[in-house]
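Scroll down for the structure; my scribbles are underneath it.
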Amino acid sequence: GFKMGIVGMPNVGKSTLFNALTRTAAAQAANFPFCTIEPNVGEVAVPDARLDKLAEIAKSKSIIPTRMTFVDIAGLVKGASKGEGLGNQFLANIRETDAIAHVLRCFEDGDVTHVDGRVDPVADAETIETELMLADLESIEKRLQNLVRKVKGGDKDAVQQVRLLEQAKAALEDGKPARVVEVDDEDRKAWKMLQLLTTKPVLYVCNVGEAEAAEGNAHSAKVAEMAAAQGNSHVIISAQIEEEISQLDDDEAQMFLEEMGLDEAGLDRLIKAGYELLNLETYFTVGPKEARAWTIRQGTTAPKAAGVIHGDFEKGFIRAETIAYDDFVTLGGEQAAKEAGKMRAEGKGYIVKDGDVLHFLFNT
Ligand code: GDP
């Protein structure tokens with residue numbers, strides 16, 4: 001599955017947000033019992049109205065949304081890259097994530113202490129990015145040293161790694177995150193394997209006051225500007241509102257949202273933004289027993305998509321009977337779509353499209 005690490009300075013609302021995320025009715029609606037894998041790891045159902053529609057048409061007994069994992073990563077402080085306090089563990093945790101949700105304090109509240117004594121989300125973002133850059137530099141130095149002998153021995157992979165590490169190092173020494181390095185297609189895999197912290201895509205989460213959840217405020221406007229300049233994205237959320245919503249049932253939550261002038265829960269927007277940031281898409285499997293959503297990367301072939309369900313589906317893949325979501329819904333189900341000639345038999349080279357309803361045929 002895909003993993004988002006929640007990071008941020010202390011006292012910015014990370015835990016509040018994490019708790020809201022993992023306790024919300026949507027998170028628990030799934031057939032899976034809600035699981036907190038570890039105290040700081042939670043799985044969240046990805047909200048998708050299309051899945052409910054498909055289940056309604058197919059009269060599916062159960063609905064199983066696809067899920068995203070969030071990891072609440074302990075507060076970062078200046079000096080984390082030096083391994084002080086929780087620093088090392090913090091960095092190890094971020095390395096394992098696919099993307100970073102960076103929570104920034106955009107709310108004013110005299111009762112909540114800011115570690116640096118002022119509310120300045122852009123400065124906070126820089127503090128954290130600096131720590132991540134320093135950590136990357138340190139790990140690059142270590143790895144370069146370790147690779148010297150292999151390079152002398154003529155190891156091709158080592159030569160490639162050194163070349164990429166040098167490129168990352170140059171960017172970092174220039175005060176820029178490693179994500180600014182432009183990587184050729186043939187280097188992409190090796191680049192990703194380096195697991196540099198500052199190559200992870202970042203979603204800035206502006207935690208604003210309750211009254212500002214719809215429009216944001218001056219602080220979040222500055223974050224928006226910064227995110228755009230970096231090519232990262234941002235969402236505006238009030239962690240406190242989300243916490244309140246997470247304790248309501250669906251109808252109550254809807255009423256509450258309307259009262260606050262919001263058309264969608266911030267958590268839904270956050271999850272969707274994460275999906276977009278990671279170039280993720282959804283396909284569906286639909287039958288009388290269950291309607292289920294599955295997550296893939298954009299550009300995934302049919303056999304790889306089948307492999308998300310089970311490795312055997314990928315190995316023995318024959319073809320995927322495919323109906324586009326719109327056809328399934330407009331025509332009123334699988335049988336009708338088939339009769340209308342809208343069920344395609346797709347082979348190994350087929351690139352799955354967002355919303356496809358798939359039925360895999362495979363050898364066992
Ligand atoms: P963390 O250290 O980043 O995990 O921050 P917490 O989630 O523990 O929040 C720190 C404090 O800020 C708590 O007392 C929260 O109740 C408070 N807090 C979190 N979000 C908001 C918010 O949007 N507005 C206000 N006024 N307080 C908040």
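Ordering of the structure tokens sets the chain letters (A, B, ...), residue numbers begin anew at 1 in every chain, and ligands are numbered from 1 in the order given.
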Inset, instruction - Could you give me the residues within 6 Å of ligand 1, counting only C-alpha atoms and all ligand atoms, as a PyMOL selection string? - result: chain A and resi 10-16+107+109+112+207-209+238-240
Could you write those residues out with N, CA and C atoms, as a PDB file, in the first residue's frame?
```
ATOM      1  N   PRO A  10       6.859  20.448  16.504  1.00  0.00           N
ATOM      2  CA  PRO A  10       6.001  20.110  17.641  1.00  0.00           C
ATOM      3  C   PRO A  10       4.846  21.109  17.761  1.00  0.00           C
ATOM      4  N   ASN A  11       3.711  20.638  18.253  1.00  0.00           N
ATOM      5  CA  ASN A  11       2.582  21.519  18.596  1.00  0.00           C
ATOM      6  C   ASN A  11       1.899  22.184  17.401  1.00  0.00           C
ATOM      7  N   VAL A  12       2.006  21.607  16.230  1.00  0.00           N
ATOM      8  CA  VAL A  12       1.350  22.214  15.075  1.00  0.00           C
ATOM      9  C   VAL A  12      -0.002  21.560  14.775  1.00  0.00           C
ATOM     10  N   GLY A  13      -0.295  20.437  15.449  1.00  0.00           N
ATOM     11  CA  GLY A  13      -1.584  19.769  15.253  1.00  0.00           C
ATOM     12  C   GLY A  13      -1.474  18.423  14.557  1.00  0.00           C
ATOM     13  N   LYS A  14      -0.295  17.838  14.510  1.00  0.00           N
ATOM     14  CA  LYS A  14      -0.117  16.552  13.833  1.00  0.00           C
ATOM     15  C   LYS A  14      -0.950  15.442  14.474  1.00  0.00           C
ATOM     16  N   SER A  15      -0.834  15.322  15.780  1.00  0.00           N
ATOM     17  CA  SER A  15      -1.553  14.236  16.465  1.00  0.00           C
ATOM     18  C   SER A  15      -3.054  14.427  16.349  1.00  0.00           C
ATOM     19  N   THR A  16      -3.477  15.669  16.482  1.00  0.00           N
ATOM     20  CA  THR A  16      -4.904  15.973  16.348  1.00  0.00           C
ATOM     21  C   THR A  16      -5.397  15.497  14.982  1.00  0.00           C
ATOM     22  N   PHE A 107      -2.588  28.481  12.590  1.00  0.00           N
ATOM     23  CA  PHE A 107      -3.578  29.053  13.508  1.00  0.00           C
ATOM     24  C   PHE A 107      -2.884  29.869  14.593  1.00  0.00           C
ATOM     25  N   ASP A 109      -3.071  31.018  18.410  1.00  0.00           N
ATOM     26  CA  ASP A 109      -3.698  30.649  19.676  1.00  0.00           C
ATOM     27  C   ASP A 109      -2.646  30.828  20.757  1.00  0.00           C
ATOM     28  N   VAL A 112      -1.463  27.915  22.933  1.00  0.00           N
ATOM     29  CA  VAL A 112      -0.662  26.807  22.398  1.00  0.00           C
ATOM     30  C   VAL A 112       0.724  27.336  22.042  1.00  0.00           C
ATOM     31  N   ASN A 207      -2.783  23.971   8.785  1.00  0.00           N
ATOM     32  CA  ASN A 207      -3.742  23.828   9.881  1.00  0.00           C
ATOM     33  C   ASN A 207      -4.190  25.216  10.336  1.00  0.00           C
ATOM     34  N   VAL A 208      -5.398  25.607   9.906  1.00  0.00           N
ATOM     35  CA  VAL A 208      -5.906  26.952  10.212  1.00  0.00           C
ATOM     36  C   VAL A 208      -6.926  26.894  11.338  1.00  0.00           C
ATOM     37  N   GLY A 209      -7.318  28.056  11.856  1.00  0.00           N
ATOM     38  CA  GLY A 209      -8.320  28.135  12.908  1.00  0.00           C
ATOM     39  C   GLY A 209      -9.682  27.692  12.392  1.00  0.00           C
ATOM     40  N   SER A 238      -8.728  22.493   9.090  1.00  0.00           N
ATOM     41  CA  SER A 238      -8.684  22.809  10.510  1.00  0.00           C
ATOM     42  C   SER A 238      -8.690  21.488  11.254  1.00  0.00           C
ATOM     43  N   ALA A 239      -7.572  21.162  11.856  1.00  0.00           N
ATOM     44  CA  ALA A 239      -7.457  19.873  12.546  1.00  0.00           C
ATOM     45  C   ALA A 239      -8.520  19.741  13.631  1.00  0.00           C
ATOM     46  N   GLN A 240      -8.840  20.884  14.264  1.00  0.00           N
ATOM     47  CA  GLN A 240      -9.852  20.826  15.327  1.00  0.00           C
ATOM     48  C   GLN A 240     -11.229  20.483  14.774  1.00  0.00           C
TER      49      GLN A 240
END
```
Legend entry - Non-local contacts of region 172-180 of chain A (10 Å; only C-alpha atoms; under 3 positions in same chain excluded) as a PyMOL selection string: chain A and resi 129-130+132-134+136-137+165-169+183+196-201+230-231
Would you export the selected residues with N, CA and C atoms as an mmCIF file, in the first residue's frame, please?
```cif
data_model
loop_
_atom_site.group_PDB
_atom_site.id
_atom_site.type_symbol
_atom_site.label_atom_id
_atom_site.label_comp_id
_atom_site.auth_asym_id
_atom_site.auth_seq_id
_atom_site.Cartn_x
_atom_site.Cartn_y
_atom_site.Cartn_z
ATOM 1 N N GLU A 129 12.750 21.416 6.164
ATOM 2 C CA GLU A 129 13.430 21.076 4.907
ATOM 3 C C GLU A 129 14.948 21.120 5.094
ATOM 4 N N THR A 130 15.420 22.098 5.863
ATOM 5 C CA THR A 130 16.863 22.185 6.131
ATOM 6 C C THR A 130 17.362 20.935 6.844
ATOM 7 N N LEU A 132 16.075 17.993 6.733
ATOM 8 C CA LEU A 132 16.028 16.874 5.798
ATOM 9 C C LEU A 132 17.191 16.959 4.810
ATOM 10 N N MET A 133 17.522 18.188 4.403
ATOM 11 C CA MET A 133 18.641 18.366 3.477
ATOM 12 C C MET A 133 19.961 17.976 4.136
ATOM 13 N N LEU A 134 20.119 18.376 5.387
ATOM 14 C CA LEU A 134 21.341 18.020 6.120
ATOM 15 C C LEU A 134 21.445 16.504 6.287
ATOM 16 N N ASP A 136 20.146 14.265 4.326
ATOM 17 C CA ASP A 136 20.489 13.698 3.019
ATOM 18 C C ASP A 136 21.983 13.849 2.736
ATOM 19 N N LEU A 137 22.513 15.033 3.014
ATOM 20 C CA LEU A 137 23.939 15.268 2.764
ATOM 21 C C LEU A 137 24.795 14.279 3.544
ATOM 22 N N LEU A 165 24.391 10.189 -6.777
ATOM 23 C CA LEU A 165 24.643 10.782 -5.457
ATOM 24 C C LEU A 165 25.386 12.110 -5.596
ATOM 25 N N GLU A 166 26.312 12.167 -6.551
ATOM 26 C CA GLU A 166 27.053 13.417 -6.773
ATOM 27 C C GLU A 166 26.118 14.522 -7.255
ATOM 28 N N GLN A 167 25.168 14.151 -8.104
ATOM 29 C CA GLN A 167 24.196 15.144 -8.590
ATOM 30 C C GLN A 167 23.335 15.673 -7.436
ATOM 31 N N ALA A 168 22.894 14.747 -6.580
ATOM 32 C CA ALA A 168 22.077 15.140 -5.429
ATOM 33 C C ALA A 168 22.894 16.028 -4.495
ATOM 34 N N LYS A 169 24.137 15.644 -4.292
ATOM 35 C CA LYS A 169 25.022 16.388 -3.393
ATOM 36 C C LYS A 169 25.206 17.824 -3.897
ATOM 37 N N VAL A 183 16.128 13.757 -13.549
ATOM 38 C CA VAL A 183 16.641 12.400 -13.700
ATOM 39 C C VAL A 183 16.120 11.781 -14.999
ATOM 40 N N LEU A 196 16.338 9.181 -0.895
ATOM 41 C CA LEU A 196 16.685 10.463 -0.281
ATOM 42 C C LEU A 196 15.415 11.146 0.232
ATOM 43 N N LEU A 197 15.540 11.766 1.388
ATOM 44 C CA LEU A 197 14.361 12.350 2.026
ATOM 45 C C LEU A 197 13.813 13.518 1.220
ATOM 46 N N THR A 198 14.715 14.314 0.645
ATOM 47 C CA THR A 198 14.233 15.520 -0.038
ATOM 48 C C THR A 198 13.861 15.256 -1.500
ATOM 49 N N THR A 199 13.742 13.956 -1.876
ATOM 50 C CA THR A 199 13.158 13.655 -3.192
ATOM 51 C C THR A 199 11.690 13.284 -3.056
ATOM 52 N N LYS A 200 11.221 13.124 -1.849
ATOM 53 C CA LYS A 200 9.816 12.729 -1.648
ATOM 54 C C LYS A 200 8.913 13.911 -1.972
ATOM 55 N N PRO A 201 7.810 13.641 -2.664
ATOM 56 C CA PRO A 201 6.869 14.733 -2.905
ATOM 57 C C PRO A 201 6.264 15.225 -1.588
ATOM 58 N N GLN A 230 7.563 25.832 -5.439
ATOM 59 C CA GLN A 230 8.353 24.592 -5.332
ATOM 60 C C GLN A 230 7.828 23.481 -6.223
ATOM 61 N N GLY A 231 6.620 23.672 -6.746
ATOM 62 C CA GLY A 231 5.989 22.583 -7.490
ATOM 63 C C GLY A 231 5.393 21.534 -6.561
#
```
Legend entry - Residue with smallest distance to Thr66 (chain A) - pool A:Glu281, A:Asp111, A:Asp326, A:Glu182, counting only C-alpha atoms: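 Of all the options, A:Glu281 lies closest to Thr66 (chain A).
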Inset, instruction - Within 12 Å of Ala228 (chain A), counting only C-alpha atoms, which residues show up once you throw out same-chain ones fewer than 6 positions away? Write them as a ChimeraX atom specification, please. - result: /A:202-204,221-222,234-235
Mind dumping the selected residues with N, CA and C atoms as an mmCIF file, in the first residue's frame?
```cif
data_model
loop_
_atom_site.group_PDB
_atom_site.id
_atom_site.type_symbol
_atom_site.label_atom_id
_atom_site.label_comp_id
_atom_site.auth_asym_id
_atom_site.auth_seq_id
_atom_site.Cartn_x
_atom_site.Cartn_y
_atom_site.Cartn_z
ATOM 1 N N VAL A 202 6.003 16.518 -1.505
ATOM 2 C CA VAL A 202 5.497 17.115 -0.263
ATOM 3 C C VAL A 202 4.109 17.713 -0.468
ATOM 4 N N LEU A 203 3.233 17.390 0.464
ATOM 5 C CA LEU A 203 1.917 18.019 0.518
ATOM 6 C C LEU A 203 1.869 18.861 1.790
ATOM 7 N N TYR A 204 1.808 20.173 1.639
ATOM 8 C CA TYR A 204 1.721 21.031 2.821
ATOM 9 C C TYR A 204 0.287 21.056 3.323
ATOM 10 N N ALA A 221 -2.077 31.535 2.912
ATOM 11 C CA ALA A 221 -1.834 32.136 1.599
ATOM 12 C C ALA A 221 -0.339 32.135 1.276
ATOM 13 N N LYS A 222 0.475 32.402 2.301
ATOM 14 C CA LYS A 222 1.928 32.385 2.089
ATOM 15 C C LYS A 222 2.424 30.977 1.786
ATOM 16 N N HIS A 234 -0.682 21.959 -1.679
ATOM 17 C CA HIS A 234 -1.095 22.283 -0.314
ATOM 18 C C HIS A 234 -2.605 22.086 -0.161
ATOM 19 N N VAL A 235 -3.028 21.821 1.062
ATOM 20 C CA VAL A 235 -4.453 21.820 1.386
ATOM 21 C C VAL A 235 -4.668 22.625 2.658
#
```
